[in-house]
file target-v7.pdb (PDB, C-alpha atoms)
ATOM      1  CA  MET J   1      11.824  24.660 -42.613
ATOM      2  CA  THR J   2      12.407  20.898 -42.694
ATOM      3  CA  ARG J   3      12.859  20.945 -38.924
ATOM      4  CA  VAL J   4       9.497  22.640 -38.483
ATOM      5  CA  TRP J   5       7.709  19.996 -40.561
ATOM      6  CA  LEU J   6       9.529  17.210 -38.701
ATOM      7  CA  ALA J   7       8.572  18.697 -35.354
ATOM      8  CA  ALA J   8       4.961  19.097 -36.446
ATOM      9  CA  GLY J   9       4.895  15.516 -37.717
ATOM     10  CA  TRP J  10       6.257  14.085 -34.465
ATOM     11  CA  THR J  11       3.799  16.158 -32.439
ATOM     12  CA  ALA J  12       0.865  14.936 -34.527
ATOM     13  CA  LEU J  13       2.061  11.327 -34.282
ATOM     14  CA  ALA J  14       2.489  11.558 -30.537
ATOM     15  CA  ALA J  15      -0.948  13.109 -30.123
ATOM     16  CA  LEU J  16      -2.566  10.398 -32.241
ATOM     17  CA  ALA J  17      -0.736   7.637 -30.384
ATOM     18  CA  CYS J  18      -1.726   8.967 -26.974
ATOM     19  CA  SER J  19      -5.333   9.687 -27.833
ATOM     20  CA  GLY J  20      -5.595   6.287 -29.514
ATOM     21  CA  ALA J  21      -4.344   4.531 -26.414
ATOM     22  CA  GLU J  22      -7.014   6.265 -24.337
ATOM     23  CA  ALA J  23      -9.959   5.943 -26.659
ATOM     24  CA  ALA J  24      -9.595   2.768 -28.682
ATOM     25  CA  PRO J  25     -10.967  -0.439 -27.205
ATOM     26  CA  GLN J  26      -8.177  -2.830 -26.301
ATOM     27  CA  ALA J  27      -8.017  -5.995 -28.343
ATOM     28  CA  GLY J  28      -9.485  -8.929 -26.478
ATOM     29  CA  SER J  29     -10.612  -6.913 -23.509
ATOM     30  CA  PRO J  30     -14.175  -7.207 -22.247
ATOM     31  CA  PRO J  31     -16.446  -4.237 -22.730
ATOM     32  CA  ARG J  32     -15.834  -1.405 -20.317
ATOM     33  CA  GLU J  33     -19.382  -1.708 -19.042
ATOM     34  CA  GLY J  34     -19.122  -3.176 -15.577
ATOM     35  CA  TRP J  35     -15.387  -2.610 -15.355
ATOM     36  CA  ALA J  36     -15.745   0.109 -12.715
ATOM     37  CA  SER J  37     -17.299  -2.389 -10.305
ATOM     38  CA  VAL J  38     -14.495  -4.895 -10.983
ATOM     39  CA  SER J  39     -11.938  -2.136 -10.551
ATOM     40  CA  GLU J  40     -13.522  -1.111  -7.232
ATOM     41  CA  MET J  41     -13.373  -4.699  -6.023
ATOM     42  CA  LEU J  42      -9.743  -5.154  -7.070
ATOM     43  CA  GLY J  43      -8.819  -1.806  -5.568
ATOM     44  CA  ALA J  44     -10.452  -2.639  -2.241
ATOM     45  CA  ARG J  45      -9.028  -6.160  -2.067
ATOM     46  CA  CYS J  46      -5.626  -5.718  -3.640
ATOM     47  CA  GLY J  47      -4.889  -2.012  -3.960
ATOM     48  CA  SER J  48      -3.945  -0.949  -0.436
ATOM     49  CA  LEU J  49      -0.953   1.373  -0.158
ATOM     50  CA  ASP J  50       1.237  -1.452   1.123
ATOM     51  CA  CYS J  51       0.328  -3.842  -1.727
ATOM     52  CA  HIS J  52      -0.656  -3.099  -5.311
ATOM     53  CA  GLY J  53      -1.237   0.511  -4.358
ATOM     54  CA  GLN J  54       2.506   1.120  -4.422
ATOM     55  CA  SER J  55       3.966   2.996  -7.364
ATOM     56  CA  GLY J  56       6.665   0.435  -8.057
ATOM     57  CA  ARG J  57       4.476  -2.635  -7.752
ATOM     58  CA  PRO J  58       3.717  -4.835 -10.759
ATOM     59  CA  LEU J  59      -0.025  -4.556 -11.401
ATOM     60  CA  ARG J  60      -0.319  -1.074  -9.934
ATOM     61  CA  LEU J  61      -3.881  -0.328  -8.871
ATOM     62  CA  PHE J  62      -5.491   3.000  -8.049
ATOM     63  CA  HIS J  63      -8.364   3.312  -5.591
ATOM     64  CA  ASN J  64      -9.944   6.021  -3.493
ATOM     65  CA  ASP J  65      -8.626   4.370  -0.321
ATOM     66  CA  GLY J  66      -5.200   3.639  -1.823
ATOM     67  CA  LEU J  67      -2.825   5.156  -4.354
ATOM     68  CA  ARG J  68      -4.288   8.095  -6.268
ATOM     69  CA  LEU J  69      -3.555   8.999  -9.854
ATOM     70  CA  ALA J  70      -3.873  12.771  -9.599
ATOM     71  CA  ASP J  71      -1.357  14.695  -7.521
ATOM     72  CA  ASP J  72      -4.079  16.660  -5.761
ATOM     73  CA  ASP J  73      -6.034  13.567  -4.668
ATOM     74  CA  ALA J  74      -5.332  11.734  -1.415
ATOM     75  CA  PRO J  75      -6.100   8.262  -0.060
ATOM     76  CA  GLY J  76      -9.449   8.180   1.681
ATOM     77  CA  ALA J  77     -10.785  11.312   0.006
ATOM     78  CA  GLY J  78     -13.458  11.260  -2.668
ATOM     79  CA  ALA J  79     -14.357   8.413  -4.984
ATOM     80  CA  THR J  80     -12.215   6.398  -7.364
ATOM     81  CA  THR J  81     -12.095   8.417 -10.584
ATOM     82  CA  THR J  82     -12.834   7.281 -14.123
ATOM     83  CA  ASP J  83      -9.179   7.930 -15.005
ATOM     84  CA  GLU J  84      -8.155   5.646 -12.167
ATOM     85  CA  HIS J  85     -10.508   2.923 -13.362
ATOM     86  CA  ALA J  86      -9.075   3.309 -16.887
ATOM     87  CA  ALA J  87      -5.514   3.040 -15.548
ATOM     88  CA  ASN J  88      -6.482  -0.085 -13.616
ATOM     89  CA  LEU J  89      -7.913  -1.628 -16.784
ATOM     90  CA  ARG J  90      -4.671  -0.987 -18.644
ATOM     91  CA  ALA J  91      -2.711  -2.503 -15.741
ATOM     92  CA  VAL J  92      -4.845  -5.650 -15.648
ATOM     93  CA  VAL J  93      -5.018  -6.201 -19.400
ATOM     94  CA  GLY J  94      -1.382  -5.262 -19.857
ATOM     95  CA  LEU J  95      -0.093  -8.049 -17.623
ATOM     96  CA  GLU J  96      -0.492 -10.740 -20.273
ATOM     97  CA  PRO J  97      -2.196  -9.078 -23.254
ATOM     98  CA  GLU J  98      -2.189 -11.971 -25.705
ATOM     99  CA  LEU J  99      -3.253 -14.543 -23.151
ATOM    100  CA  PHE J 100      -5.878 -12.154 -21.835
ATOM    101  CA  ALA J 101      -7.309 -11.739 -25.328
ATOM    102  CA  ARG J 102      -7.456 -15.504 -25.744
ATOM    103  CA  VAL J 103      -9.272 -16.073 -22.432
ATOM    104  CA  VAL J 104     -11.827 -13.394 -23.253
ATOM    105  CA  ALA J 105     -12.278 -14.629 -26.843
ATOM    106  CA  GLU J 106     -13.020 -18.062 -25.393
ATOM    107  CA  GLY J 107     -15.771 -16.695 -23.180
ATOM    108  CA  GLY J 108     -13.687 -16.583 -20.036
ATOM    109  CA  ALA J 109     -12.956 -20.303 -20.129
ATOM    110  CA  ALA J 110     -10.116 -21.580 -17.902
ATOM    111  CA  PRO J 111      -9.280 -18.183 -16.425
ATOM    112  CA  GLU J 112      -6.577 -19.780 -14.300
ATOM    113  CA  ARG J 113      -4.397 -19.389 -17.360
ATOM    114  CA  LEU J 114      -4.013 -15.788 -16.245
ATOM    115  CA  THR J 115      -1.452 -14.929 -13.599
ATOM    116  CA  LEU J 116      -3.923 -12.391 -12.199
ATOM    117  CA  VAL J 117      -6.442 -15.125 -11.407
ATOM    118  CA  ARG J 118      -3.878 -17.610 -10.094
ATOM    119  CA  LYS J 119      -2.415 -15.004  -7.742
ATOM    120  CA  ALA J 120      -5.835 -13.844  -6.578
ATOM    121  CA  LEU J 121      -6.861 -17.400  -5.768
ATOM    122  CA  GLY J 122      -3.553 -18.218  -4.118
ATOM    123  CA  LEU J 123      -2.764 -20.904  -6.677
ATOM    124  CA  GLU J 124       0.601 -19.297  -7.308
ATOM    125  CA  SER J 125       3.144 -17.849  -4.892
ATOM    126  CA  HIS J 126       1.824 -14.454  -3.854
ATOM    127  CA  LYS J 127       3.108 -12.281  -1.044
ATOM    128  CA  GLY J 128      -0.453 -11.145  -0.365
ATOM    129  CA  GLY J 129      -1.774 -14.707  -0.052
ATOM    130  CA  ALA J 130      -5.186 -15.407  -1.557
ATOM    131  CA  PRO J 131      -7.226 -12.200  -1.442
ATOM    132  CA  PHE J 132     -10.298 -14.093  -2.569
ATOM    133  CA  ALA J 133     -10.872 -17.814  -2.549
ATOM    134  CA  LEU J 134     -12.554 -19.915  -5.214
ATOM    135  CA  GLY J 135     -16.286 -19.252  -5.333
ATOM    136  CA  THR J 136     -16.240 -16.118  -3.203
ATOM    137  CA  SER J 137     -17.808 -12.919  -4.479
ATOM    138  CA  GLY J 138     -14.447 -11.537  -5.594
ATOM    139  CA  ASP J 139     -13.742 -14.668  -7.621
ATOM    140  CA  VAL J 140     -17.248 -14.636  -9.139
ATOM    141  CA  CYS J 141     -16.820 -10.957 -10.018
ATOM    142  CA  LEU J 142     -13.508 -11.474 -11.808
ATOM    143  CA  ARG J 143     -14.637 -14.594 -13.697
ATOM    144  CA  SER J 144     -17.887 -12.977 -14.795
ATOM    145  CA  TRP J 145     -16.008  -9.989 -16.146
ATOM    146  CA  LEU J 146     -13.646 -12.219 -18.112
ATOM    147  CA  ALA J 147     -16.746 -13.908 -19.544
ATOM    148  CA  THR J 148     -18.101 -10.434 -20.476
ATOM    149  CA  LYS J 149     -21.081 -10.964 -18.160
ATOM    150  CA  THR J 150     -19.981  -8.863 -15.209
ATOM    151  CA  ASP J 151     -21.833  -9.767 -12.018
ATOM    152  CA  GLU J 152     -21.895  -6.306 -10.506
ATOM    153  CA  ALA J 153     -23.652  -7.470  -7.345
ATOM    154  CA  ALA J 154     -20.834  -9.944  -6.686
ATOM    155  CA  CYS J 155     -18.309  -7.185  -7.353
ATOM    156  CA  ALA J 156     -20.034  -4.867  -4.884
ATOM    157  CA  THR J 157     -20.065  -7.588  -2.238
ATOM    158  CA  GLY J 158     -16.440  -8.450  -2.981
ATOM    159  CA  ALA J 159     -15.427  -4.834  -2.509
ATOM    160  CA  GLN J 160     -16.651  -4.883   1.097
ATOM    161  CA  VAL J 161     -13.756  -5.747   3.379
ATOM    162  CA  GLU J 162     -15.468  -6.417   6.699
ATOM    163  CA  ARG J 163     -13.772  -6.100  10.069
ATOM    164  CA  PRO J 164     -13.638  -9.478  11.847
TER     165      PRO J 164
ATOM    166  CA  MET C   1      34.671  15.599  -6.828
ATOM    167  CA  THR C   2      37.404  15.153  -4.242
ATOM    168  CA  VAL C   3      38.054  12.256  -1.912
ATOM    169  CA  SER C   4      37.161  14.446   1.053
ATOM    170  CA  SER C   5      33.766  15.298  -0.429
ATOM    171  CA  VAL C   6      32.921  11.643  -1.071
ATOM    172  CA  TRP C   7      34.115  10.337   2.275
ATOM    173  CA  PRO C   8      31.055  11.266   4.444
ATOM    174  CA  GLY C   9      28.697   9.452   2.093
ATOM    175  CA  LEU C  10      30.945   6.406   1.925
ATOM    176  CA  ALA C  11      31.210   6.395   5.710
ATOM    177  CA  VAL C  12      27.412   6.332   6.083
ATOM    178  CA  LEU C  13      27.096   3.513   3.558
ATOM    179  CA  LEU C  14      29.853   1.553   5.286
ATOM    180  CA  ALA C  15      28.209   2.047   8.687
ATOM    181  CA  VAL C  16      24.866   0.869   7.306
ATOM    182  CA  ALA C  17      26.506  -2.122   5.635
ATOM    183  CA  LEU C  18      28.259  -3.120   8.853
ATOM    184  CA  ALA C  19      25.148  -2.639  10.961
ATOM    185  CA  PHE C  20      22.567  -4.195   8.690
ATOM    186  CA  GLY C  21      24.457  -6.446   6.307
ATOM    187  CA  CYS C  22      25.154  -6.054   2.603
ATOM    188  CA  ASP C  23      22.557  -8.338   1.094
ATOM    189  CA  ASP C  24      19.893  -5.911  -0.064
ATOM    190  CA  PRO C  25      20.909  -2.620  -1.704
ATOM    191  CA  LEU C  26      17.310  -1.403  -1.856
ATOM    192  CA  ARG C  27      16.898  -1.905   1.879
ATOM    193  CA  GLU C  28      20.218  -0.175   2.526
ATOM    194  CA  ARG C  29      19.183   2.829   0.443
ATOM    195  CA  THR C  30      15.874   3.007   2.280
ATOM    196  CA  ILE C  31      17.662   3.002   5.630
ATOM    197  CA  VAL C  32      20.144   5.670   4.517
ATOM    198  CA  ALA C  33      17.240   7.807   3.290
ATOM    199  CA  LEU C  34      15.783   7.819   6.806
ATOM    200  CA  GLY C  35      18.716   9.975   7.867
ATOM    201  CA  PRO C  36      20.575  10.143  11.165
ATOM    202  CA  GLU C  37      19.108   9.932  14.656
ATOM    203  CA  ALA C  38      17.486  13.122  15.933
ATOM    204  CA  ALA C  39      19.725  15.156  18.227
ATOM    205  CA  GLY C  40      19.287  14.196  21.860
ATOM    206  CA  VAL C  41      17.255  11.058  21.146
ATOM    207  CA  PRO C  42      19.406   7.929  21.350
ATOM    208  CA  PRO C  43      18.387   4.679  19.616
ATOM    209  CA  GLY C  44      15.684   3.069  21.729
ATOM    210  CA  PRO C  45      11.937   2.999  22.243
ATOM    211  CA  LEU C  46      11.558   6.761  21.818
ATOM    212  CA  HIS C  47      13.621   7.205  18.683
ATOM    213  CA  ARG C  48      12.605   7.956  15.099
ATOM    214  CA  ALA C  49       8.942   8.704  15.774
ATOM    215  CA  GLY C  50       6.909   8.644  12.587
ATOM    216  CA  GLN C  51       9.428   6.631  10.598
ATOM    217  CA  PRO C  52       8.782   3.154   9.116
ATOM    218  CA  CYS C  53      10.056   1.024  12.007
ATOM    219  CA  VAL C  54      10.156  -2.384  10.354
ATOM    220  CA  VAL C  55      12.586  -1.230   7.670
ATOM    221  CA  CYS C  56      15.316  -1.787  10.279
ATOM    222  CA  HIS C  57      13.423  -3.847  12.860
ATOM    223  CA  ASP C  58      12.873  -6.696  10.420
ATOM    224  CA  GLY C  59      14.911  -9.446  12.024
ATOM    225  CA  ARG C  60      17.813  -8.969   9.637
ATOM    226  CA  SER C  61      19.964  -6.807  11.885
ATOM    227  CA  SER C  62      20.891  -6.363  15.507
ATOM    228  CA  ALA C  63      17.782  -4.205  16.035
ATOM    229  CA  ARG C  64      14.897  -5.946  17.834
ATOM    230  CA  GLU C  65      12.493  -7.504  15.398
ATOM    231  CA  PHE C  66       8.973  -6.058  15.244
ATOM    232  CA  SER C  67       5.960  -7.511  13.487
ATOM    233  CA  VAL C  68       3.968  -4.290  13.736
ATOM    234  CA  ALA C  69       5.165  -0.868  14.869
ATOM    235  CA  GLY C  70       4.423   2.781  14.393
ATOM    236  CA  THR C  71       3.689   6.151  15.906
ATOM    237  CA  VAL C  72       0.398   7.730  16.913
ATOM    238  CA  PHE C  73       0.045  11.518  16.848
ATOM    239  CA  VAL C  74      -2.604  13.646  18.523
ATOM    240  CA  THR C  75      -3.762  15.217  15.247
ATOM    241  CA  ALA C  76      -2.867  14.818  11.596
ATOM    242  CA  ASP C  77      -1.496  18.333  11.290
ATOM    243  CA  ALA C  78       1.227  18.470  13.936
ATOM    244  CA  PRO C  79       4.005  16.167  15.116
ATOM    245  CA  ASP C  80       2.746  16.029  18.715
ATOM    246  CA  PRO C  81       2.950  12.451  20.008
ATOM    247  CA  ALA C  82      -0.028  10.739  21.606
ATOM    248  CA  PRO C  83       1.158   8.770  24.658
ATOM    249  CA  GLY C  84      -0.904   6.144  26.419
ATOM    250  CA  VAL C  85      -3.027   5.233  23.399
ATOM    251  CA  VAL C  86      -4.118   1.618  23.070
ATOM    252  CA  VAL C  87      -3.513   0.257  19.572
ATOM    253  CA  GLU C  88      -5.868  -2.641  18.909
ATOM    254  CA  LEU C  89      -4.818  -5.100  16.216
ATOM    255  CA  VAL C  90      -7.198  -7.786  14.919
ATOM    256  CA  ASP C  91      -5.867 -10.201  12.315
ATOM    257  CA  ALA C  92      -7.472 -12.482   9.722
ATOM    258  CA  ASP C  93      -7.736 -15.268  12.306
ATOM    259  CA  LYS C  94      -9.689 -12.870  14.563
ATOM    260  CA  ARG C  95      -6.857 -12.815  17.072
ATOM    261  CA  THR C  96      -6.653  -9.544  18.975
ATOM    262  CA  PHE C  97      -3.524  -7.925  20.357
ATOM    263  CA  ARG C  98      -3.313  -4.619  22.172
ATOM    264  CA  ALA C  99      -0.208  -2.484  22.447
ATOM    265  CA  ALA C 100       0.204   0.940  24.053
ATOM    266  CA  THR C 101       2.046   3.996  22.828
ATOM    267  CA  ASN C 102       4.936   5.436  24.820
ATOM    268  CA  CYS C 103       5.925   9.051  25.400
ATOM    269  CA  ALA C 104       7.066   9.429  21.787
ATOM    270  CA  GLY C 105       3.756   8.039  20.533
ATOM    271  CA  ASN C 106       5.626   4.914  19.468
ATOM    272  CA  PHE C 107       4.292   1.397  19.872
ATOM    273  CA  PHE C 108       5.869  -1.851  18.795
ATOM    274  CA  VAL C 109       4.935  -5.512  18.756
ATOM    275  CA  GLU C 110       7.406  -8.375  18.711
ATOM    276  CA  PRO C 111       6.635 -11.475  16.627
ATOM    277  CA  ALA C 112       6.890 -13.702  19.694
ATOM    278  CA  ASP C 113       3.923 -11.830  21.142
ATOM    279  CA  PHE C 114       1.861 -11.405  17.988
ATOM    280  CA  ALA C 115       2.663 -12.312  14.399
ATOM    281  CA  PRO C 116      -0.517 -11.379  12.534
ATOM    282  CA  ARG C 117      -1.970 -13.114   9.541
ATOM    283  CA  TYR C 118      -3.037 -10.371   7.178
ATOM    284  CA  PRO C 119      -5.292  -8.530   6.592
ATOM    285  CA  LEU C 120      -4.860  -6.715   9.886
ATOM    286  CA  PHE C 121      -7.501  -4.321  11.210
ATOM    287  CA  VAL C 122      -6.427  -1.457  13.452
ATOM    288  CA  ALA C 123      -8.224   0.726  15.973
ATOM    289  CA  LEU C 124      -6.994   3.343  18.443
ATOM    290  CA  GLU C 125      -8.454   3.861  21.905
ATOM    291  CA  ALA C 126      -7.858   6.663  24.388
ATOM    292  CA  GLY C 127     -10.118   6.265  27.368
ATOM    293  CA  ARG C 128     -13.642   5.871  26.001
ATOM    294  CA  TYR C 129     -12.706   7.397  22.655
ATOM    295  CA  ARG C 130     -12.166   4.930  19.828
ATOM    296  CA  ILE C 131     -11.306   5.431  16.177
ATOM    297  CA  GLU C 132     -11.023   2.641  13.604
ATOM    298  CA  MET C 133      -8.845   2.618  10.508
ATOM    299  CA  ASP C 134     -11.057   2.467   7.415
ATOM    300  CA  THR C 135      -8.964  -0.048   5.495
ATOM    301  CA  PRO C 136      -6.965  -3.034   6.715
ATOM    302  CA  VAL C 137      -3.199  -3.412   6.583
ATOM    303  CA  GLN C 138      -2.374  -6.020   3.958
ATOM    304  CA  ARG C 139       1.311  -6.809   4.378
ATOM    305  CA  ASP C 140       3.531  -4.068   5.833
ATOM    306  CA  GLY C 141       4.020  -3.900   9.605
ATOM    307  CA  SER C 142       5.302  -0.320   9.494
ATOM    308  CA  CYS C 143       2.503   2.198   9.884
ATOM    309  CA  ALA C 144       4.645   4.905   8.299
ATOM    310  CA  SER C 145       5.031   3.004   5.041
ATOM    311  CA  CYS C 146       1.532   4.216   4.184
ATOM    312  CA  HIS C 147       1.249   7.012   6.775
ATOM    313  CA  ASP C 148       4.024   9.446   5.904
ATOM    314  CA  ASP C 149       4.045  12.764   7.757
ATOM    315  CA  ARG C 150       2.492  14.503   4.754
ATOM    316  CA  THR C 151      -0.703  13.533   3.020
ATOM    317  CA  SER C 152      -0.088  12.914  -0.659
ATOM    318  CA  ARG C 153      -1.439  10.729  -3.427
ATOM    319  CA  SER C 154       0.522   7.817  -1.929
ATOM    320  CA  SER C 155       0.257   8.618   1.779
ATOM    321  CA  ALA C 156      -2.723   8.831   4.083
ATOM    322  CA  GLY C 157      -0.812  11.231   6.327
ATOM    323  CA  ARG C 158       0.028  10.710   9.988
ATOM    324  CA  VAL C 159      -1.704   8.128  12.169
ATOM    325  CA  TYR C 160      -3.730  10.420  14.383
ATOM    326  CA  LEU C 161      -6.240  10.204  17.178
ATOM    327  CA  PHE C 162      -8.329  13.374  17.028
ATOM    328  CA  GLY C 163      -9.554  15.722  14.325
ATOM    329  CA  THR C 164      -8.753  18.747  16.479
ATOM    330  CA  PRO C 165      -6.083  19.219  19.165
ATOM    331  CA  ARG C 166      -6.903  17.977  22.657
ATOM    332  CA  PRO C 167      -4.744  17.704  25.754
ATOM    333  CA  MET C 168      -3.190  14.282  26.321
ATOM    334  CA  ASP C 169      -2.125  12.884  29.683
ATOM    335  CA  ALA C 170       1.656  12.880  29.397
ATOM    336  CA  SER C 171       2.371  12.380  33.088
ATOM    337  CA  GLY C 172       5.529  10.381  33.525
ATOM    338  CA  CYS C 173       6.980  11.493  30.219
ATOM    339  CA  PRO C 174      10.282  13.366  30.166
TER     340      PRO C 174
END

call {"tool": "encode", "arguments": {"input": "target-v7.pdb", "output": "structure tokens"}}
result
Amino acid sequence: MTRVWLAAGWTALAALACSGAEAAPQAGSPPREGWASVSEMLGARCGSLDCHGQSGRPLRLFHNDGLRLADDDAPGAGATTTDEHAANLRAVVGLEPELFARVVAEGGAAPERLTLVRKALGLESHKGGAPFALGTSGDVCLRSWLATKTDEAACATGAQVERP
Amino acid sequence: MTVSSVWPGLAVLLAVALAFGCDDPLRERTIVALGPEAAGVPPGPLHRAGQPCVVCHDGRSSAREFSVAGTVFVTADAPDPAPGVVVELVDADKRTFRAATNCAGNFFVEPADFAPRYPLFVALEAGRYRIEMDTPVQRDGSCASCHDDRTSRSSAGRVYLFGTPRPMDASGCP
């Protein structure tokens, strides 16, 4: 009988933990409003299958043209899903959670404190170079999101990777 | 497990270590996972169609170094090679390089000829037909790193020319 109660307790705890991780807002993270446009921009710029769209890559990003979250989805088919955007948010916030919370709490001031921003700008060694330079639409998108004032137009422009 | 049962695996690992050096176990495992050469196809321009070329051709072994290399198939659904296809590569500096596929559908570019600065945009041309890759290559010169022979959540499937089968001019091919 004790085993049954223990098993039930663990199951309930696991269910609460998992559902909490999905539903609860993450401490210090900006509101999810606007995140999808940031996620689309990061996915298009950084999430190709040979970069952050690889399963083993730190900062793993999902995108409709890159790595997919669901087994029955494929690169290039359909749109980026809400689950994929949520996974991208966890990946971005989870890089440096405490520092991330501090940057957001301070209105997005000095975002270069974050490795994500330094790598994106090419201020720190990065195999992928500088996917967006200071002042470009991708940079504006990311900074505005950290300041909880997401510039969705900049994000949409930043997500367009034009052929030369 | 007997010595005789372990020996073939050890022999492969030893051969890989001798051929490609012992400095990177991940690389060695990746090479071993590619398996042996196909029967009747010796190492050379026609070998290992559809495999990630730059895993070995990376300048760290006796194999010729490639900056970009891959295989083009006629369609996504079958392993029929597409010979004589022009592969157009345009890099971040707007430099263009064109390579052509051989009888195995393979093409390869040596760094001395073209060492792209990423992102790299790719298009295929066969006569007047042209198809452009939707997304640029960001860092990996092997097409097959992202274009495995099966479409999956982490692979866009084969690099292919046409949506439906069409005859290709294979004159001159064995």

call {"tool": "resolve_selection", "arguments": {"input": "target-v7.pdb", "expression": "the PyMOL selection byres ((chain C) within 6 of (chain J))", "output": "count of residues only"}}
result
7

call {"tool": "closest_residue", "arguments": {"input": "target-v7.pdb", "among": "J:Thr115, J:Ser125, J:Thr136, J:Ser144", "to": "Trp35 in chain J", "atoms": "only C-alpha atoms"}}
result
J:Ser144

call {"tool": "residues_around", "arguments": {"input": "target-v7.pdb", "residues": "Phe108 in chain C", "least_positions_apart": "5", "cutoff": "9 Å", "atoms": "all atoms listed in the file", "output": "list in words"}}
result
Pro45, Cys53, Phe66, Ser67, Val68, Ala69, Gly70, Thr71, Ala99, Ala100 and Thr101 of chain C

call {"tool": "resolve_selection", "arguments": {"input": "target-v7.pdb", "expression": "the PyMOL selection byres ((chain C and resi 85-92) around 6)", "output": "short mmCIF file (atom, residue, chain, number, x, y, z; two decimals) with C-alpha atoms, in the frame of the given file"}}
result
data_model
loop_
_atom_site.label_atom_id
_atom_site.label_comp_id
_atom_site.auth_asym_id
_atom_site.auth_seq_id
_atom_site.Cartn_x
_atom_site.Cartn_y
_atom_site.Cartn_z
CA PRO C 83 1.16 8.77 24.66
CA GLY C 84 -0.90 6.14 26.42
CA ASP C 93 -7.74 -15.27 12.31
CA LYS C 94 -9.69 -12.87 14.56
CA ARG C 95 -6.86 -12.82 17.07
CA THR C 96 -6.65 -9.54 18.98
CA PHE C 97 -3.52 -7.92 20.36
CA ARG C 98 -3.31 -4.62 22.17
CA ALA C 99 -0.21 -2.48 22.45
CA ALA C 100 0.20 0.94 24.05
CA THR C 101 2.05 4.00 22.83
CA PRO C 116 -0.52 -11.38 12.53
CA ARG C 117 -1.97 -13.11 9.54
CA TYR C 118 -3.04 -10.37 7.18
CA PRO C 119 -5.29 -8.53 6.59
CA LEU C 120 -4.86 -6.72 9.89
CA PHE C 121 -7.50 -4.32 11.21
CA VAL C 122 -6.43 -1.46 13.45
CA ALA C 123 -8.22 0.73 15.97
CA LEU C 124 -6.99 3.34 18.44
CA GLU C 125 -8.45 3.86 21.90
CA ALA C 126 -7.86 6.66 24.39
#

call {"tool": "atom_distance", "arguments": {"input": "target-v7.pdb", "atom1": "CA of Arg139 in chain C", "atom2": "CA of Val55 in chain C"}}
result
13.0 Å

call {"tool": "resolve_selection", "arguments": {"input": "target-v7.pdb", "expression": "the PyMOL selection byres ((chain C and resi 167-172) around 8)", "output": "MDAnalysis selection string"}}
result
chainID C and resid 74 82:84 103 165:166 173:174

call {"tool": "residues_around", "arguments": {"input": "target-v7.pdb", "residues": "Ala156 in chain J", "least_positions_apart": "4", "cutoff": "7 Å", "atoms": "only C-alpha atoms", "output": "PDB file with C-alpha atoms, keeping the file's coordinate frame"}}
result
ATOM      1  CA  SER J  37     -17.299  -2.389 -10.305  1.00  0.00           C
ATOM      2  CA  MET J  41     -13.373  -4.699  -6.023  1.00  0.00           C
ATOM      3  CA  GLU J 152     -21.895  -6.306 -10.506  1.00  0.00           C
ATOM      4  CA  GLN J 160     -16.651  -4.883   1.097  1.00  0.00           C
TER       5      GLN J 160
END

call {"tool": "atom_distance", "arguments": {"input": "target-v7.pdb", "atom1": "CA of Pro111 in chain J", "atom2": "CA of Glu84 in chain J"}}
result
24.2 Å

call {"tool": "atom_distance", "arguments": {"input": "target-v7.pdb", "atom1": "CA of Arg158 in chain C", "atom2": "CA of Ala104 in chain C"}}
result
13.8 Å

call {"tool": "axis_aligned_box", "arguments": {"input": "target-v7.pdb", "around": "range 76-89 of chain J", "padding_each_side": "5 Å", "output": "JSON"}}
result
{"center_x": -9.9, "center_y": 4.8, "center_z": -7.6, "size_x": 18.8, "size_y": 22.9, "size_z": 28.6}

call {"tool": "residues_around", "arguments": {"input": "target-v7.pdb", "residues": "Ala38 in chain C", "least_positions_apart": "6", "cutoff": "10 Å", "atoms": "only C-alpha atoms", "output": "PyMOL selection string"}}
result
chain C and resi 47-49

call {"tool": "residues_near_point", "arguments": {"input": "target-v7.pdb", "point": "(-14.9, -6.5, -4.6)", "cutoff": "6 Å", "atoms": "all atoms listed in the file", "output": "ChimeraX atom specification"}}
result
/J:41-42,138,155-159

call {"tool": "closest_residue", "arguments": {"input": "target-v7.pdb", "among": "C:Pro136, C:Pro52, C:Gly157, C:Gly59", "to": "Phe107 in chain C", "atoms": "all atoms listed in the file"}}
result
C:Pro52

call {"tool": "closest_residue", "arguments": {"input": "target-v7.pdb", "among": "J:Glu106, J:Glu40, J:Glu33, J:Asp139", "to": "Ala120 in chain J", "atoms": "only C-alpha atoms"}}
result
J:Asp139

call {"tool": "residues_around", "arguments": {"input": "target-v7.pdb", "residues": "Val117 in chain J", "least_positions_apart": "5", "cutoff": "9 Å", "atoms": "all atoms listed in the file", "output": "ChimeraX atom specification"}}
result
/J:111-112,122-123,139,142-143

call {"tool": "write_last_selection", "arguments": {"input": "target-v7.pdb", "atoms": "C-alpha atoms", "output": "mmCIF file, in the coordinates of the input"}}
result
data_model
loop_
_atom_site.group_PDB
_atom_site.id
_atom_site.type_symbol
_atom_site.label_atom_id
_atom_site.label_comp_id
_atom_site.auth_asym_id
_atom_site.auth_seq_id
_atom_site.Cartn_x
_atom_site.Cartn_y
_atom_site.Cartn_z
ATOM 1 C CA PRO J 111 -9.280 -18.183 -16.425
ATOM 2 C CA GLU J 112 -6.577 -19.780 -14.300
ATOM 3 C CA GLY J 122 -3.553 -18.218 -4.118
ATOM 4 C CA LEU J 123 -2.764 -20.904 -6.677
ATOM 5 C CA ASP J 139 -13.742 -14.668 -7.621
ATOM 6 C CA LEU J 142 -13.508 -11.474 -11.808
ATOM 7 C CA ARG J 143 -14.637 -14.594 -13.697
#
